[in-house]
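A short write-up of the structure that comes next.
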Amino acid sequence: PSMQNISGRTQLERELQQFLHIPHVIVTSGNSDAQPWVKKEMSRACVDEMIQTLCPEDVVAVAGGTTLATLAESVTPHPNLKQVTFVPARGGLGENVDLQSNTISAALARSANAHYRLLHVPDQVSDLAYESLTQEPGIQELLELIRSPRMVLHSVGDAYTMATRRNADEEKLDRLKNLNAVAESFGYYFDGKGNVVQKEKTVGLQLDELGERQKVVTIAGGASKADAIIAYMTYRPSDLLITDEGAAEAIQSFA
Ligand code: G3H
């Protein structure tokens with residue numbers, strides 16, 4: 001990249017930090033909507049952050065999706081990652097198995113030569129089965145790890161795109177539309193003002209329980225995610241946003 005591009009991106013990073021109230025924003029070149037390699041660029045920035053922040057024995061909660069799947073491919077072994085345990089942020093959300101957080105935790109651990117734990121809670125269970133499953137000591141212990149990780153890694157998606165990808169029926173799509181849902185992350189749907197308007201029924205991380213000790217890293221790019229990123233950051237500004245020029249320029253146009 002030319003110096004011009006780099007200083008232009010630095011400027012974008014500063015503007016986004018102010019507009020979204022995020023302490024640290026990294027903007028990579030390109031637009032993930034059109035260029036698949038951009039997710040790799042964002043992933044590289046995330047790997048640097050993981051190496052800088054994480055220590056042996058740390059727990060990292062990871063969400064699902066194509067962005068996080070790319071991250072899992074981009075990680076390589078490093079002394080700071082070796083004793084880390086990757087856990088899925090939440091149980092099943094109706095996602096294709098390759099994109100589920102369980103799969104991605106395992107893939108991250110494999111790439112980093114680290115550890116992982118799986119959360120065995122199916123997507124569709126009766127309330128009764130769900131209640132008794134979550135009383136299981138093994139699951140309870142894992143839920144404790146998931147709810148107080150050192151780092152949370154996740155993406156944000158457009159609400160309609162995510163609901164469609166997870167095979168939502170007409171009724172659910174209509175409901176989300178009536179609720180003005182624009183963003184989705186961790187199975188939570190948000191309206192444009194950053195209110196949680198719907199939650200998927202699953203166990204795991206509770207967004208409103210995240211505290212100071214958790215470093216939340218959001219990786220989300222592509223101009224099509226601009227509204228979703230703004231909505232999510234209005235709900236709760238992350239500690240670090242890794243995005244691309246496509247999304248950053250679209251977000252800037254709302255500032
Ligand atoms: O929850 C948000 C989605 O997981 C984002 O998925 O990375 O495939 O766009 P994506």
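Residues in the structure tokens are named by chain (A, B, ... in the order shown) and by number from 1 within that chain; ligands are numbered from 1 in the order shown.
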>> According to DSSP computed on the backbone, where in stretch 55-221 of chain A is there strand (DSSP E or B)? Give the residues as a PyMOL selection string.
In response: chain A and resi 59-62+85-88+90+115-116+151-154+157-158+181-185+188-191+196-199+204+215-219
With C-alpha atoms retained, write the just-selected residues as a CSV table (one decimal), in the first residue's frame.
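Generated file (out_9.csv):
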```
chain,number,residue,atom,x,y,z
A,59,VAL,CA,-9.7,-18.4,28.1
A,60,VAL,CA,-10.9,-16.9,24.8
A,61,ALA,CA,-14.6,-17.0,24.0
A,62,VAL,CA,-15.3,-17.1,20.2
A,85,THR,CA,-8.3,-22.4,25.9
A,86,PHE,CA,-10.8,-21.5,23.2
A,87,VAL,CA,-14.4,-21.9,24.1
A,88,PRO,CA,-17.6,-21.2,22.1
A,90,ARG,CA,-22.8,-19.5,22.9
A,115,HIS,CA,-6.7,-26.1,23.9
A,116,TYR,CA,-10.5,-26.0,23.3
A,151,MET,CA,-10.9,-12.1,25.5
A,152,VAL,CA,-14.1,-12.3,23.4
A,153,LEU,CA,-13.7,-12.6,19.6
A,154,HIS,CA,-16.7,-12.1,17.4
A,157,GLY,CA,-23.8,-9.3,10.8
A,158,ASP,CA,-26.7,-7.7,9.1
A,181,ALA,CA,-33.6,-5.3,13.7
A,182,VAL,CA,-30.5,-4.3,11.7
A,183,ALA,CA,-27.7,-6.1,13.5
A,184,GLU,CA,-27.0,-9.6,14.8
A,185,SER,CA,-24.1,-10.9,17.0
A,188,TYR,CA,-28.7,-11.3,19.8
A,189,TYR,CA,-30.5,-9.0,17.4
A,190,PHE,CA,-30.3,-5.2,17.7
A,191,ASP,CA,-32.3,-2.3,16.3
A,196,VAL,CA,-31.5,-5.8,22.0
A,197,VAL,CA,-34.8,-6.6,20.3
A,198,GLN,CA,-34.5,-10.4,20.2
A,199,LYS,CA,-32.3,-13.2,21.7
A,204,GLY,CA,-23.4,-19.2,27.0
A,215,LYS,CA,-11.2,-7.5,26.1
A,216,VAL,CA,-13.9,-7.6,23.4
A,217,VAL,CA,-12.5,-7.7,19.9
A,218,THR,CA,-15.0,-7.2,17.0
A,219,ILE,CA,-13.9,-8.2,13.5
```
>> Just want the residues within 7 Å of ligand 1, written as a ChimeraX atom specification, counting only C-alpha atoms and all ligand atoms.
In response: /A:63-68,155-157,162,184-187,220
> Could you pull the residues within 12 Å of A:Gly211, counting only C-alpha atoms, minus those fewer than 2 positions along the same chain, as a ChimeraX atom specification?
Replying inline: /A:147-152,205-209,213-216,236-239
Could you take the residues named above and write them with C-alpha atoms, as a tab-separated table (two decimals), in the first residue's frame?
```tsv
chain	number	residue	atom	x	y	z
A	147	ARG	CA	-18.90	-16.16	31.10
A	148	SER	CA	-15.57	-14.81	32.36
A	149	PRO	CA	-13.07	-15.12	29.51
A	150	ARG	CA	-10.01	-12.92	29.10
A	151	MET	CA	-10.94	-12.12	25.52
A	152	VAL	CA	-14.06	-12.30	23.37
A	205	LEU	CA	-22.09	-15.70	27.17
A	206	GLN	CA	-24.45	-13.01	28.41
A	207	LEU	CA	-23.55	-9.73	26.73
A	208	ASP	CA	-24.66	-7.60	29.68
A	209	GLU	CA	-22.36	-9.55	32.02
A	213	ARG	CA	-11.59	-7.80	32.58
A	214	GLN	CA	-12.87	-8.96	29.20
A	215	LYS	CA	-11.22	-7.55	26.12
A	216	VAL	CA	-13.89	-7.59	23.43
A	236	ARG	CA	-21.81	-1.67	23.70
A	237	PRO	CA	-18.60	-0.20	22.27
A	238	SER	CA	-15.99	-2.95	21.97
A	239	ASP	CA	-12.40	-2.50	23.17
```
Taking 2 positions as the minimum chain separation for residues in the same chain, which residues sit within 10 Å of stretch 163-169 of chain A when counting only C-alpha atoms? Answer as a CSV table (one decimal) with N, CA, C and O atoms, in the first residue's frame.
```
chain,number,residue,atom,x,y,z
A,93,LEU,N,-26.8,-21.9,17.1
A,93,LEU,CA,-27.7,-20.8,16.6
A,93,LEU,C,-28.3,-21.1,15.3
A,93,LEU,O,-28.8,-20.2,14.6
A,94,GLY,N,-28.3,-22.4,14.9
A,94,GLY,CA,-28.9,-22.8,13.6
A,94,GLY,C,-28.0,-22.6,12.5
A,94,GLY,O,-28.4,-22.6,11.3
A,95,GLU,N,-26.7,-22.4,12.8
A,95,GLU,CA,-25.7,-22.1,11.7
A,95,GLU,C,-25.2,-23.4,11.1
A,95,GLU,O,-25.2,-24.4,11.8
A,96,ASN,N,-24.8,-23.4,9.9
A,96,ASN,CA,-24.1,-24.5,9.2
A,96,ASN,C,-22.9,-24.9,10.1
A,96,ASN,O,-22.3,-24.1,10.7
A,157,GLY,N,-23.2,-9.2,12.1
A,157,GLY,CA,-23.8,-9.3,10.8
A,157,GLY,C,-25.0,-8.5,10.6
A,157,GLY,O,-25.6,-8.0,11.6
A,158,ASP,N,-25.4,-8.3,9.4
A,158,ASP,CA,-26.7,-7.7,9.1
A,158,ASP,C,-27.8,-8.6,9.6
A,158,ASP,O,-27.7,-9.9,9.3
A,159,ALA,N,-28.8,-8.1,10.3
A,159,ALA,CA,-29.8,-9.0,10.9
A,159,ALA,C,-30.5,-9.9,9.9
A,159,ALA,O,-30.6,-11.1,10.1
A,160,TYR,N,-31.0,-9.3,8.8
A,160,TYR,CA,-31.8,-10.1,7.8
A,160,TYR,C,-30.9,-11.2,7.2
A,160,TYR,O,-31.3,-12.3,7.0
A,161,THR,N,-29.6,-10.8,6.8
A,161,THR,CA,-28.7,-11.7,6.2
A,161,THR,C,-28.5,-12.9,7.2
A,161,THR,O,-28.5,-14.1,6.8
A,171,GLU,N,-42.3,-16.0,9.3
A,171,GLU,CA,-42.8,-15.4,10.5
A,171,GLU,C,-41.7,-14.7,11.3
A,171,GLU,O,-41.8,-13.5,11.7
A,172,LYS,N,-40.6,-15.4,11.4
A,172,LYS,CA,-39.5,-14.8,12.1
A,172,LYS,C,-38.9,-13.6,11.4
A,172,LYS,O,-38.5,-12.6,12.0
A,173,LEU,N,-38.8,-13.7,10.1
A,173,LEU,CA,-38.2,-12.6,9.3
A,173,LEU,C,-39.1,-11.4,9.4
A,173,LEU,O,-38.6,-10.2,9.6
A,174,ASP,N,-40.4,-11.6,9.4
A,174,ASP,CA,-41.4,-10.5,9.6
A,174,ASP,C,-41.2,-9.9,10.9
A,174,ASP,O,-41.3,-8.6,11.1
A,176,LEU,N,-38.6,-9.8,12.9
A,176,LEU,CA,-37.4,-9.0,13.0
A,176,LEU,C,-37.5,-7.7,12.2
A,176,LEU,O,-37.0,-6.7,12.7
A,184,GLU,N,-26.9,-8.3,14.1
A,184,GLU,CA,-27.0,-9.6,14.8
A,184,GLU,C,-25.5,-9.9,15.3
A,184,GLU,O,-24.6,-9.7,14.5
A,187,GLY,N,-26.2,-14.3,18.4
A,187,GLY,CA,-27.6,-14.7,18.6
A,187,GLY,C,-28.4,-13.6,19.2
A,187,GLY,O,-29.6,-13.9,19.5
A,189,TYR,N,-30.2,-9.9,18.5
A,189,TYR,CA,-30.5,-9.0,17.4
A,189,TYR,C,-30.7,-7.6,18.0
A,189,TYR,O,-31.3,-7.4,19.1
```
